[in-house]
>>> print(open('my_file.csv').read())   # CSV, C-alpha atoms
chain,number,residue,atom,x,y,z
A,1063,MET,CA,-29.5,-13.8,-9.1
A,1064,LYS,CA,-27.3,-10.9,-8.1
A,1065,HIS,CA,-24.0,-10.1,-9.7
A,1066,ARG,CA,-21.4,-10.9,-7.0
A,1067,ILE,CA,-18.6,-8.4,-6.6
A,1068,VAL,CA,-15.8,-9.5,-4.2
A,1069,VAL,CA,-13.1,-7.1,-3.1
A,1070,LEU,CA,-9.9,-8.5,-1.7
A,1071,GLY,CA,-8.3,-6.2,0.8
A,1072,ALA,CA,-9.6,-3.1,2.6
A,1073,GLY,CA,-6.6,-0.8,2.4
A,1074,TYR,CA,-6.6,2.6,0.7
A,1075,ALA,CA,-7.6,1.1,-2.7
A,1076,GLY,CA,-9.9,-1.7,-1.6
A,1077,ALA,CA,-11.9,0.2,0.9
A,1078,TYR,CA,-12.5,3.1,-1.5
A,1079,VAL,CA,-13.6,0.9,-4.4
A,1080,ALA,CA,-15.9,-1.2,-2.3
A,1081,GLY,CA,-17.6,1.8,-0.8
A,1082,THR,CA,-18.0,3.5,-4.1
A,1083,LEU,CA,-19.4,0.5,-5.9
A,1084,ALA,CA,-22.0,0.0,-3.1
A,1085,ARG,CA,-23.1,3.6,-3.6
A,1086,ARG,CA,-23.3,3.6,-7.4
A,1087,LEU,CA,-24.8,0.1,-8.1
A,1088,SER,CA,-28.3,-1.0,-7.2
A,1089,PRO,CA,-28.5,-3.6,-4.4
A,1090,ALA,CA,-31.3,-5.2,-6.4
A,1091,ASP,CA,-28.7,-6.4,-8.9
A,1092,THR,CA,-25.4,-6.6,-7.1
A,1093,GLU,CA,-23.9,-7.7,-3.8
A,1094,VAL,CA,-20.5,-6.4,-2.6
A,1095,THR,CA,-18.3,-8.5,-0.3
A,1096,VAL,CA,-15.1,-7.3,1.2
A,1097,VAL,CA,-12.5,-9.8,2.5
A,1098,ASN,CA,-9.9,-8.5,4.9
A,1099,ALA,CA,-7.7,-10.2,7.4
A,1100,GLU,CA,-8.0,-7.4,10.1
A,1101,PRO,CA,-11.1,-5.8,11.5
A,1102,ASP,CA,-9.7,-2.3,11.3
A,1103,PHE,CA,-8.6,0.0,8.5
A,1104,VAL,CA,-4.9,0.3,8.8
A,1105,GLN,CA,-3.2,3.6,7.9
A,1106,ARG,CA,-0.1,2.0,6.4
A,1107,LEU,CA,1.4,5.4,5.6
A,1108,ARG,CA,1.7,6.0,9.4
A,1109,LEU,CA,3.0,2.7,10.6
A,1110,HIS,CA,6.5,4.1,11.0
A,1111,GLN,CA,4.9,6.4,13.6
A,1112,LEU,CA,3.3,3.4,15.4
A,1113,ALA,CA,6.7,1.6,15.4
A,1114,ALA,CA,8.4,4.6,16.9
A,1115,GLY,CA,6.0,4.5,19.9
A,1116,GLN,CA,3.2,6.9,18.8
A,1117,GLU,CA,-0.5,6.0,18.7
A,1118,ILE,CA,-2.3,6.3,15.4
A,1119,GLU,CA,-6.0,6.5,14.8
A,1120,THR,CA,-7.9,3.5,13.5
A,1121,ARG,CA,-11.4,2.9,12.1
A,1122,ARG,CA,-13.3,-0.4,12.5
A,1123,LEU,CA,-14.3,-1.6,9.1
A,1124,ALA,CA,-17.7,-2.7,10.4
A,1125,ASP,CA,-18.4,0.9,11.3
A,1126,VAL,CA,-16.9,2.2,8.0
A,1127,PHE,CA,-19.2,0.0,5.9
A,1128,ALA,CA,-22.3,0.3,8.2
A,1129,GLY,CA,-25.3,1.2,6.2
A,1130,THR,CA,-23.7,0.6,2.8
A,1131,GLY,CA,-25.0,-3.0,2.3
A,1132,ILE,CA,-21.4,-4.2,2.0
A,1133,ARG,CA,-20.7,-7.7,3.5
A,1134,LEU,CA,-17.5,-7.8,5.5
A,1135,ARG,CA,-15.7,-11.1,5.7
A,1136,LEU,CA,-12.9,-11.1,8.2
A,1137,ALA,CA,-10.6,-13.8,6.8
A,1138,ARG,CA,-7.2,-14.3,5.2
A,1139,VAL,CA,-7.1,-14.9,1.4
A,1140,THR,CA,-5.2,-18.1,0.7
A,1141,ALA,CA,-5.8,-18.6,-3.0
A,1142,VAL,CA,-7.5,-17.3,-6.1
A,1143,ASP,CA,-8.9,-19.5,-8.9
A,1144,PRO,CA,-9.8,-17.2,-11.8
A,1145,GLU,CA,-10.8,-20.1,-14.0
A,1146,ARG,CA,-13.5,-21.3,-11.5
A,1147,GLN,CA,-14.0,-17.7,-10.3
A,1148,VAL,CA,-13.6,-18.5,-6.6
A,1149,VAL,CA,-11.5,-17.2,-3.8
A,1150,ALA,CA,-10.3,-19.5,-0.9
A,1151,VAL,CA,-10.2,-17.9,2.5
A,1152,ALA,CA,-9.2,-19.0,6.0
A,1153,ASP,CA,-10.7,-17.7,9.3
A,1154,ALA,CA,-11.4,-18.9,12.8
A,1155,ASP,CA,-14.2,-21.1,11.5
A,1156,GLY,CA,-12.0,-22.9,9.1
A,1157,GLY,CA,-12.7,-20.7,6.0
A,1158,GLY,CA,-14.0,-21.9,2.7
A,1159,GLU,CA,-14.6,-20.5,-0.8
A,1160,LEU,CA,-16.3,-17.4,-2.1
A,1161,GLY,CA,-17.6,-17.3,-5.7
A,1162,TYR,CA,-17.5,-14.1,-7.7
A,1163,ASP,CA,-18.6,-12.6,-11.0
A,1164,THR,CA,-16.3,-9.6,-10.7
A,1165,LEU,CA,-13.2,-9.6,-8.5
A,1166,LEU,CA,-11.2,-6.5,-7.4
A,1167,TYR,CA,-7.8,-7.6,-6.2
A,1168,ALA,CA,-6.3,-5.1,-3.8
A,1169,LEU,CA,-4.2,-7.1,-1.4
A,1170,GLY,CA,-1.3,-4.6,-1.4
A,1171,SER,CA,2.3,-5.4,-1.1
A,1172,ARG,CA,4.8,-6.7,1.4
A,1173,VAL,CA,8.6,-6.5,2.0
A,1174,ALA,CA,10.8,-7.6,-0.9
A,1175,ASP,CA,13.8,-9.4,0.6
A,1176,HIS,CA,15.6,-9.5,-2.8
A,1177,GLY,CA,16.9,-12.9,-1.9
A,1178,VAL,CA,19.1,-11.5,0.9
A,1179,PRO,CA,19.7,-14.2,3.5
A,1180,GLY,CA,18.4,-13.5,7.0
A,1181,VAL,CA,15.8,-10.8,6.2
A,1182,THR,CA,12.8,-13.0,7.0
A,1183,GLU,CA,14.4,-14.4,10.1
A,1184,HIS,CA,16.0,-11.4,11.7
A,1185,ALA,CA,14.8,-8.1,10.2
A,1186,PHE,CA,11.8,-6.0,11.1
A,1187,ASP,CA,9.5,-4.0,8.8
A,1188,VAL,CA,6.6,-1.5,8.9
A,1189,THR,CA,4.5,-2.9,6.1
A,1190,GLY,CA,1.7,-4.1,8.4
A,1191,ARG,CA,0.3,-3.3,11.8
A,1192,ALA,CA,1.5,-6.5,13.4
A,1193,SER,CA,5.0,-6.1,12.1
A,1194,ALA,CA,5.1,-2.4,13.1
A,1195,LEU,CA,4.1,-3.4,16.7
A,1196,ARG,CA,6.7,-6.1,16.7
A,1197,LEU,CA,9.4,-3.5,15.9
A,1198,ARG,CA,7.9,-1.2,18.5
A,1199,GLU,CA,8.2,-3.9,21.1
A,1200,ARG,CA,11.8,-4.5,20.1
A,1201,LEU,CA,12.7,-0.8,20.3
A,1202,ASP,CA,11.0,-0.5,23.7
A,1203,GLY,CA,13.3,-3.3,25.0
A,1204,LEU,CA,16.6,-1.7,23.9
A,1205,ASP,CA,19.0,-0.1,26.3
A,1206,ARG,CA,20.2,3.4,25.9
A,1207,ARG,CA,22.3,3.9,22.8
A,1208,GLY,CA,20.9,0.7,21.3
A,1209,GLU,CA,21.9,0.3,17.6
A,1210,VAL,CA,19.0,0.6,15.1
A,1211,LEU,CA,19.9,0.0,11.5
A,1212,VAL,CA,17.4,1.0,8.7
A,1213,VAL,CA,18.3,-0.6,5.4
A,1214,GLY,CA,16.9,1.2,2.4
A,1215,ASP,CA,16.7,5.0,1.6
A,1216,GLY,CA,13.4,5.1,-0.3
A,1217,LEU,CA,10.5,7.0,1.3
A,1218,THR,CA,9.7,4.2,3.8
A,1219,GLY,CA,13.3,4.0,5.0
A,1220,ILE,CA,13.8,7.7,5.3
A,1221,GLU,CA,10.5,8.2,7.2
A,1222,THR,CA,11.2,5.3,9.5
A,1223,ALA,CA,14.8,6.3,10.3
A,1224,THR,CA,13.8,10.0,11.0
A,1225,GLU,CA,10.7,9.0,13.0
A,1226,ILE,CA,12.6,6.6,15.3
A,1227,ALA,CA,15.5,9.1,15.7
A,1228,GLU,CA,13.1,11.9,16.7
A,1229,SER,CA,10.9,9.8,19.0
A,1230,ARG,CA,13.8,7.8,20.5
A,1231,PRO,CA,16.8,10.2,20.8
A,1232,ASP,CA,18.4,7.7,23.2
A,1233,LEU,CA,18.9,5.2,20.4
A,1234,SER,CA,21.6,5.3,17.7
A,1235,VAL,CA,20.1,5.2,14.2
A,1236,THR,CA,22.0,4.4,11.0
A,1237,LEU,CA,20.4,4.7,7.6
A,1238,VAL,CA,22.0,2.4,4.9
A,1239,ALA,CA,21.6,3.8,1.4
A,1240,ARG,CA,22.4,1.8,-1.7
A,1241,GLY,CA,23.5,4.9,-3.6
A,1242,GLU,CA,23.5,8.6,-2.8
A,1243,LEU,CA,21.1,9.6,-0.1
A,1244,GLY,CA,17.9,11.0,-1.6
A,1245,ALA,CA,19.2,10.5,-5.2
A,1246,PRO,CA,15.8,11.0,-6.9
A,1247,LEU,CA,15.3,14.4,-5.1
A,1248,SER,CA,16.3,17.8,-6.3
A,1249,ALA,CA,19.6,19.2,-5.1
A,1250,GLY,CA,17.9,21.5,-2.6
A,1251,ALA,CA,15.8,18.7,-1.2
A,1252,ARG,CA,18.8,16.4,-0.9
A,1253,ASP,CA,20.6,19.1,1.1
A,1254,HIS,CA,17.5,19.5,3.3
A,1255,LEU,CA,17.4,15.7,3.9
A,1256,ARG,CA,21.0,15.7,4.9
A,1257,ARG,CA,20.5,18.5,7.3
A,1258,ALA,CA,17.5,16.7,8.9
A,1259,CYS,CA,19.6,13.6,9.4
A,1260,ASP,CA,22.4,15.6,10.9
A,1261,ARG,CA,19.9,17.4,13.2
A,1262,LEU,CA,18.4,14.1,14.4
A,1263,GLY,CA,21.8,12.4,14.8
A,1264,ILE,CA,21.3,9.8,12.1
A,1265,THR,CA,24.4,8.2,10.7
A,1266,VAL,CA,24.1,7.8,6.9
A,1267,LEU,CA,26.1,5.1,5.1
A,1268,GLU,CA,25.9,5.6,1.4
A,1269,HIS,CA,26.8,3.3,-1.6
A,1270,ALA,CA,26.4,0.2,0.6
A,1271,THR,CA,25.0,-3.1,-0.5
A,1272,VAL,CA,23.7,-5.4,2.2
A,1273,GLU,CA,24.4,-9.1,1.5
A,1274,ALA,CA,23.1,-10.7,4.7
A,1275,VAL,CA,21.2,-9.9,7.9
A,1276,GLU,CA,22.1,-11.7,11.1
A,1277,ALA,CA,20.6,-11.5,14.6
A,1278,THR,CA,23.1,-8.8,15.8
A,1279,ARG,CA,24.7,-7.4,12.7
A,1280,VAL,CA,24.4,-6.7,9.0
A,1281,LEU,CA,27.0,-7.8,6.4
A,1282,CYS,CA,27.8,-5.6,3.5
A,1283,ALA,CA,29.3,-6.5,0.1
A,1284,ASP,CA,32.6,-4.7,0.9
A,1285,GLY,CA,33.1,-6.9,3.9
A,1286,THR,CA,31.9,-4.3,6.5
A,1287,ALA,CA,30.0,-5.7,9.4
A,1288,LEU,CA,27.5,-3.3,11.0
A,1289,ALA,CA,26.4,-3.9,14.6
A,1290,SER,CA,22.6,-3.9,15.0
A,1291,ASP,CA,20.2,-4.5,17.9
A,1292,ALA,CA,17.2,-4.0,15.5
A,1293,THR,CA,17.5,-4.1,11.8
A,1294,VAL,CA,14.6,-2.5,9.9
A,1295,TRP,CA,14.3,-3.7,6.2
A,1296,ALA,CA,12.9,-1.0,4.0
A,1297,ALA,CA,14.6,-2.0,0.7
A,1298,GLY,CA,11.6,-2.3,-1.5
A,1299,PHE,CA,8.2,-4.0,-1.8
A,1300,ALA,CA,6.6,-6.8,-3.8
A,1301,ALA,CA,3.1,-8.2,-4.2
A,1302,GLY,CA,2.3,-11.5,-2.5
A,1303,PRO,CA,2.4,-14.8,-4.4
A,1304,ILE,CA,-1.4,-15.4,-4.6
A,1305,ALA,CA,-2.1,-13.8,-7.9
A,1306,ALA,CA,0.8,-15.6,-9.6
A,1307,ALA,CA,-0.2,-18.9,-8.1
A,1308,GLY,CA,-3.7,-18.5,-9.4
A,1309,GLY,CA,-2.5,-18.2,-13.0
A,1310,LEU,CA,-3.0,-14.4,-13.5
A,1311,GLU,CA,-0.4,-12.7,-15.6
A,1312,VAL,CA,1.9,-10.9,-13.2
A,1313,THR,CA,5.3,-9.0,-13.2
A,1314,GLU,CA,8.4,-10.3,-11.6
A,1315,ASP,CA,7.4,-8.6,-8.3
A,1316,GLY,CA,4.0,-10.3,-8.4
A,1317,ARG,CA,1.8,-7.3,-9.5
A,1318,ILE,CA,-1.1,-8.1,-11.8
A,1319,VAL,CA,-0.7,-6.8,-15.3
A,1320,VAL,CA,-3.7,-4.6,-16.2
A,1321,ASP,CA,-4.9,-2.6,-19.1
A,1322,ARG,CA,-5.8,1.1,-19.0
A,1323,THR,CA,-9.1,0.3,-17.1
A,1324,MET,CA,-7.3,-1.8,-14.4
A,1325,ARG,CA,-8.7,-5.0,-15.9
A,1326,SER,CA,-6.4,-8.1,-15.9
A,1327,VAL,CA,-5.0,-8.7,-19.3
A,1328,SER,CA,-5.3,-12.4,-18.8
A,1329,HIS,CA,-8.6,-12.8,-16.9
A,1330,PRO,CA,-11.3,-10.2,-17.8
A,1331,SER,CA,-13.4,-10.9,-14.6
A,1332,VAL,CA,-10.5,-9.7,-12.5
A,1333,TYR,CA,-9.5,-6.1,-11.8
A,1334,ALA,CA,-6.6,-4.9,-9.7
A,1335,ALA,CA,-5.9,-1.6,-7.8
A,1336,GLY,CA,-3.2,-0.2,-5.5
A,1337,ASP,CA,0.1,-1.9,-5.0
A,1338,SER,CA,-1.3,-5.1,-6.5
A,1339,ALA,CA,-1.7,-3.5,-10.0
A,1340,TYR,CA,1.0,-3.0,-12.6
A,1341,ALA,CA,-0.5,0.0,-14.3
A,1342,ILE,CA,1.1,2.3,-16.8
A,1343,GLY,CA,0.6,6.0,-16.0
A,1344,ASP,CA,-0.2,8.8,-18.4
A,1345,ASN,CA,3.5,9.5,-18.7
A,1346,GLY,CA,4.1,6.0,-20.1
A,1347,ARG,CA,5.9,4.8,-17.0
A,1348,PRO,CA,4.7,2.2,-14.4
A,1349,LEU,CA,2.9,3.9,-11.5
A,1350,PRO,CA,4.9,3.5,-8.3
A,1351,MET,CA,3.5,1.6,-5.3
A,1352,SER,CA,2.0,4.5,-3.3
A,1353,CYS,CA,-1.1,5.8,-1.6
A,1354,ALA,CA,-1.6,8.3,-4.5
A,1355,SER,CA,-1.4,5.4,-7.0
A,1356,ALA,CA,-4.0,3.5,-4.9
A,1357,GLY,CA,-6.4,6.5,-5.4
A,1358,TYR,CA,-5.9,6.7,-9.1
A,1359,THR,CA,-6.1,3.0,-9.9
A,1360,GLY,CA,-9.0,2.6,-7.5
A,1361,ARG,CA,-11.0,5.3,-9.2
A,1362,GLN,CA,-10.2,3.9,-12.6
A,1363,ALA,CA,-11.2,0.3,-11.6
A,1364,THR,CA,-14.5,1.7,-10.2
A,1365,GLU,CA,-15.3,3.6,-13.4
A,1366,ALA,CA,-14.6,0.5,-15.4
A,1367,ILE,CA,-16.6,-1.9,-13.3
A,1368,VAL,CA,-19.6,0.4,-13.1
A,1369,GLY,CA,-19.4,1.2,-16.8
A,1370,ARG,CA,-19.2,-2.3,-18.0
A,1371,LEU,CA,-21.9,-3.6,-15.7
A,1372,THR,CA,-24.4,-0.8,-16.5
A,1373,GLY,CA,-23.6,-0.3,-20.2
A,1374,ARG,CA,-22.2,3.2,-19.7
A,1375,GLU,CA,-19.2,4.7,-21.3
A,1376,ILE,CA,-16.1,4.1,-19.2
A,1377,ALA,CA,-14.4,7.4,-18.1
A,1378,ASN,CA,-10.6,7.6,-18.2
A,1379,VAL,CA,-9.3,8.7,-14.8
A,1380,LYS,CA,-6.0,10.4,-14.9
A,1381,LEU,CA,-3.1,8.1,-13.9
A,1382,ASP,CA,-0.6,10.6,-12.6
A,1383,TYR,CA,2.6,10.6,-10.6
A,1384,ALA,CA,2.9,14.1,-9.3
A,1385,GLY,CA,5.6,13.7,-6.7
A,1386,ASN,CA,6.5,12.6,-3.2
A,1387,HIS,CA,5.6,13.8,0.3
A,1388,ILE,CA,8.2,12.7,2.8
A,1389,SER,CA,7.8,13.2,6.6
A,1390,LEU,CA,11.0,13.8,8.6
A,1391,GLY,CA,9.6,13.3,12.0
A,1392,ARG,CA,6.6,15.3,13.2
A,1393,ARG,CA,7.9,18.9,12.5
A,1394,ASP,CA,9.8,18.5,9.3
A,1395,GLY,CA,9.2,17.2,5.8
A,1396,ILE,CA,9.9,17.4,2.1
A,1397,LEU,CA,7.4,18.0,-0.7
A,1398,GLN,CA,9.1,17.1,-4.0
A,1399,MET,CA,7.1,17.5,-7.2
A,1400,VAL,CA,8.2,15.8,-10.5
A,1401,ASP,CA,7.9,16.6,-14.2
A,1402,GLY,CA,6.3,14.6,-17.0
A,1403,GLU,CA,9.4,12.4,-17.2
A,1404,ALA,CA,9.1,11.6,-13.4
A,1405,GLN,CA,12.3,13.7,-12.7
A,1406,ALA,CA,12.4,15.9,-9.7
A,1407,LYS,CA,11.6,19.6,-10.4
A,1408,PRO,CA,14.3,22.0,-9.3
A,1409,THR,CA,12.2,23.5,-6.4
A,1410,TYR,CA,10.8,21.8,-3.3
A,1411,VAL,CA,8.9,22.6,-0.2
A,1412,GLY,CA,10.5,21.8,3.1
A,1413,GLY,CA,10.2,22.2,6.9
A,1414,ARG,CA,7.1,22.6,8.9
A,1415,LYS,CA,5.0,23.6,5.9
A,1416,ALA,CA,5.8,20.3,4.1
A,1417,ALA,CA,5.1,18.5,7.4
A,1418,ARG,CA,1.6,20.2,7.7
A,1419,ILE,CA,0.8,19.3,4.0
A,1420,LYS,CA,1.7,15.6,4.6
A,1421,SER,CA,-0.3,15.6,7.8
A,1422,GLY,CA,-3.3,17.1,6.0
A,1423,ILE,CA,-3.1,14.5,3.2
A,1424,LEU,CA,-3.1,11.7,5.7
A,1425,LYS,CA,-6.1,13.1,7.6
A,1426,ILE,CA,-8.0,13.5,4.3
A,1427,SER,CA,-7.2,10.0,3.3
A,1428,LEU,CA,-8.5,8.6,6.6
A,1429,TRP,CA,-11.6,10.7,6.5
A,1430,ALA,CA,-12.5,9.7,2.9
A,1431,THR,CA,-12.0,6.1,3.6
A,1432,SER,CA,-14.1,6.3,6.8
A,1433,HIS,CA,-17.1,8.0,5.0
A,1434,PRO,CA,-17.8,5.8,2.0
A,1435,THR,CA,-21.3,7.3,1.6
A,1436,PHE,CA,-20.3,10.9,1.4
A,1437,GLY,CA,-20.5,13.0,-1.8
A,1438,MET,CA,-21.8,10.4,-4.2
A,1439,PRO,CA,-25.1,10.5,-6.2
A,1440,LYS,CA,-28.0,8.9,-4.4
A,1441,ARG,CA,-29.2,7.2,-7.5
A,1442,LYS,CA,-27.9,3.6,-7.8
A,1443,HIS,CA,-27.5,2.3,-11.3
A,1444,ARG,CA,-29.2,-0.9,-12.4
A,1445,LEU,CA,-27.2,-3.5,-14.3
A,1446,ALA,CA,-27.5,-3.6,-18.1
A,1447,ALA,CA,-29.5,-6.5,-19.6
A,1448,ALA,CA,-26.2,-7.5,-21.4
A,1449,ASP,CA,-24.8,-8.6,-18.0
A,1450,THR,CA,-25.5,-12.3,-17.9
A,1451,ALA,CA,-23.2,-13.6,-15.2
A,1452,ALA,CA,-26.0,-14.3,-12.8
A,1453,GLU,CA,-28.2,-15.8,-15.6
A,1454,LYS,CA,-25.4,-18.2,-16.6
A,1455,ARG,CA,-25.1,-19.4,-13.0
A,1456,VAL,CA,-28.9,-20.0,-12.9
A,1457,ALA,CA,-28.7,-21.9,-16.2
A,1458,ALA,CA,-25.8,-24.0,-14.9
>>> encode(input="my_file.csv", output="structure tokens")
Amino acid sequence: MKHRIVVLGAGYAGAYVAGTLARRLSPADTEVTVVNAEPDFVQRLRLHQLAAGQEIETRRLADVFAGTGIRLRLARVTAVDPERQVVAVADADGGGELGYDTLLYALGSRVADHGVPGVTEHAFDVTGRASALRLRERLDGLDRRGEVLVVGDGLTGIETATEIAESRPDLSVTLVARGELGAPLSAGARDHLRRACDRLGITVLEHATVEAVEATRVLCADGTALASDATVWAAGFAAGPIAAAGGLEVTEDGRIVVDRTMRSVSHPSVYAAGDSAYAIGDNGRPLPMSCASAGYTGRQATEAIVGRLTGREIANVKLDYAGNHISLGRRDGILQMVDGEAQAKPTYVGGRKAARIKSGILKISLWATSHPTFGMPKRKHRLAAADTAAEKRVAA
């Protein structure tokens, strides 16, 4: 019997790993199944553009995986049982269970509400296509000078606030920062960010802690009440509860704790990549939730799975955190590199050049995901005789 590889999630990490495994492993020995709730590959890094009223390019996963031998299951993952090595899914036909010998968990992340009342009921976000479209619909329904409040001054909050302000100059946009705006950036990049906010007419409220979100306002810890016709919550991310509920060792924010090869430290048949993985980078610090981290952890998981199944030496892929690319609308941006201690380097790239670099990165990411058969060796490796997962199932 064939070794069953199941990949949960077809985002930047999952789609890459699935396509690469299908290219490198012989179909005579393995079968790769991808489970994803949506039929399209979603460019999560551009969902703030979608929310602001722009159209972004999509790729149907059926077309992406055509000719690779990958089985695509359009369904929502509801549970993982690593002891029985099965995954429970729900779809239009009622769902069921999928058995696996190797699991790649890449379900990504979602909004972290940090226990703040009202976030789930009243706030919008841009962590998924459906939620971005929901925000877009809300913005389209606002009258001139409608109040938009973006809570959170991380990359997502900054990009969302500037995108909305540029695309919808008729709206009043306020960015709520817990500390100093752009605190992790260099002094020059912080100044550039402030000038961009001024140019776009964004009101910045610094050193503010949000304690509750209501339908038409946000309440701050100092007693301030901020009027809001649309509150966008961008105050952090967390993994979903499925891994923890299944008994995998996870962090407080739900990410699967993995070793250097992206293998679960509690269940060796499970690997994790992307935002789902709690991985330590080469600088000794946890990799941030980002597209770049999805690439590094996805490549490392692929090398580990192929190496262990075929009896080859497992290559160590670099696990790096080089810096951040921040878009400030369509014609401005910031490229901030960091040092080995993850501290901002003194210099940065800003303006149109940074915007072009960010745009190029997004285009390359989409192209690479959409062409899973490009650039890989044609020879597909057979599994090593030591792999007995299929044999054990036959014996059982």
>>> residues_near_point(input="my_file.csv", point="(0.8, 18.8, 0.0)", cutoff="12 Å", atoms="all atoms listed in the file", output="PDB file with C-alpha atoms, keeping the file's coordinate frame")
ATOM      1  CA  ALA A1354      -1.600   8.300  -4.500  1.00  0.00           C
ATOM      2  CA  ALA A1384       2.900  14.100  -9.300  1.00  0.00           C
ATOM      3  CA  GLY A1385       5.600  13.700  -6.700  1.00  0.00           C
ATOM      4  CA  ASN A1386       6.500  12.600  -3.200  1.00  0.00           C
ATOM      5  CA  HIS A1387       5.600  13.800   0.300  1.00  0.00           C
ATOM      6  CA  ILE A1388       8.200  12.700   2.800  1.00  0.00           C
ATOM      7  CA  SER A1389       7.800  13.200   6.600  1.00  0.00           C
ATOM      8  CA  GLY A1395       9.200  17.200   5.800  1.00  0.00           C
ATOM      9  CA  ILE A1396       9.900  17.400   2.100  1.00  0.00           C
ATOM     10  CA  LEU A1397       7.400  18.000  -0.700  1.00  0.00           C
ATOM     11  CA  GLN A1398       9.100  17.100  -4.000  1.00  0.00           C
ATOM     12  CA  MET A1399       7.100  17.500  -7.200  1.00  0.00           C
ATOM     13  CA  TYR A1410      10.800  21.800  -3.300  1.00  0.00           C
ATOM     14  CA  VAL A1411       8.900  22.600  -0.200  1.00  0.00           C
ATOM     15  CA  GLY A1412      10.500  21.800   3.100  1.00  0.00           C
ATOM     16  CA  ARG A1414       7.100  22.600   8.900  1.00  0.00           C
ATOM     17  CA  LYS A1415       5.000  23.600   5.900  1.00  0.00           C
ATOM     18  CA  ALA A1416       5.800  20.300   4.100  1.00  0.00           C
ATOM     19  CA  ALA A1417       5.100  18.500   7.400  1.00  0.00           C
ATOM     20  CA  ARG A1418       1.600  20.200   7.700  1.00  0.00           C
ATOM     21  CA  ILE A1419       0.800  19.300   4.000  1.00  0.00           C
ATOM     22  CA  LYS A1420       1.700  15.600   4.600  1.00  0.00           C
ATOM     23  CA  SER A1421      -0.300  15.600   7.800  1.00  0.00           C
ATOM     24  CA  GLY A1422      -3.300  17.100   6.000  1.00  0.00           C
ATOM     25  CA  ILE A1423      -3.100  14.500   3.200  1.00  0.00           C
ATOM     26  CA  LEU A1424      -3.100  11.700   5.700  1.00  0.00           C
ATOM     27  CA  LYS A1425      -6.100  13.100   7.600  1.00  0.00           C
ATOM     28  CA  ILE A1426      -8.000  13.500   4.300  1.00  0.00           C
TER      29      ILE A1426
END
>>> residues_around(input="my_file.csv", residues="Asp1155 of chain A", least_positions_apart="6", cutoff="12 Å", atoms="all atoms listed in the file", output="PyMOL selection string")
chain A and resi 1135-1138
>>> closest_residue(input="my_file.csv", among="A:Leu1281, A:Leu1233, A:Ala1223, A:Val1178", to="Gly1203 of chain A", atoms="all atoms listed in the file")
A:Leu1233
>>> closest_residue(input="my_file.csv", among="A:Arg1122, A:Lys1442, A:Arg1108, A:His1184", to="Ala1077 of chain A", atoms="all atoms listed in the file")
A:Arg1122
>>> atom_distance(input="my_file.csv", atom1="atom CA of Arg1252 of chain A", atom2="atom CA of Gln1405 of chain A")
13.7 Å
>>> residues_around(input="my_file.csv", residues="Tyr1333 of chain A", least_positions_apart="2", cutoff="9 Å", atoms="all atoms listed in the file", output="count of residues only")
18
>>> residues_around(input="my_file.csv", residues="Glu1228 of chain A", least_positions_apart="5", cutoff="9 Å", atoms="all atoms listed in the file", output="ChimeraX atom specification")
/A:1114,1223,1262-1263,1390-1392
>>> residues_around(input="my_file.csv", residues="Thr1409 of chain A", least_positions_apart="3", cutoff="9 Å", atoms="only C-alpha atoms", output="NGL selection string")
:A and (1248-1251 or 1398-1399 or 1406)
>>> closest_residue(input="my_file.csv", among="A:Asp1187, A:Glu1119, A:Asp1163, A:Glu1093", to="Val1294 of chain A", atoms="only C-alpha atoms")
A:Asp1187
>>> atom_distance(input="my_file.csv", atom1="atom CA of Gly1308 of chain A", atom2="atom CA of Gln1147 of chain A")
10.4 Å
>>> residues_around(input="my_file.csv", residues="Arg1317 of chain A", least_positions_apart="5", cutoff="9 Å", atoms="all atoms listed in the file", output="ChimeraX atom specification")
/A:1171,1300-1302,1305-1306,1311-1312,1334,1337-1340
>>> write_last_selection(input="my_file.csv", atoms="C-alpha atoms", output="compact mmCIF listing (two decimals), in the frame of the given file")
# COMPACT_ATOMS: atom_id res chain seq x y z
CA SER A 1171 2.30 -5.40 -1.10
CA ALA A 1300 6.60 -6.80 -3.80
CA ALA A 1301 3.10 -8.20 -4.20
CA GLY A 1302 2.30 -11.50 -2.50
CA ALA A 1305 -2.10 -13.80 -7.90
CA ALA A 1306 0.80 -15.60 -9.60
CA GLU A 1311 -0.40 -12.70 -15.60
CA VAL A 1312 1.90 -10.90 -13.20
CA ALA A 1334 -6.60 -4.90 -9.70
CA ASP A 1337 0.10 -1.90 -5.00
CA SER A 1338 -1.30 -5.10 -6.50
CA ALA A 1339 -1.70 -3.50 -10.00
CA TYR A 1340 1.00 -3.00 -12.60
>>> closest_residue(input="my_file.csv", among="A:Arg1191, A:Arg1133, A:Arg1257, A:Arg1361", to="Val1104 of chain A", atoms="only C-alpha atoms")
A:Arg1191
>>> atom_distance(input="my_file.csv", atom1="atom CA of Ala1341 of chain A", atom2="atom CA of Thr1271 of chain A")
29.2 Å
>>> closest_residue(input="my_file.csv", among="A:Ser1088, A:Thr1120, A:Thr1095, A:Thr1182", to="Gly1071 of chain A", atoms="all atoms listed in the file")
A:Thr1095
>>> closest_residue(input="my_file.csv", among="A:Ala1292, A:Leu1381, A:Leu1087, A:Leu1204", to="Val1280 of chain A", atoms="all atoms listed in the file")
A:Ala1292
>>> residues_near_point(input="my_file.csv", point="(11.9, -1.3, -3.4)", cutoff="12 Å", atoms="only C-alpha atoms", output="list in words")
Ser1171, Arg1172, Val1173, Ala1174, Asp1175, His1176, Val1213, Gly1214, Asp1215, Gly1216, Leu1217, Thr1218, Gly1219, Ala1239, Arg1240, Trp1295, Ala1296, Ala1297, Gly1298, Phe1299, Ala1300, Ala1301, Asp1315, Asp1337, Pro1350, Met1351 and Ser1352 of chain A
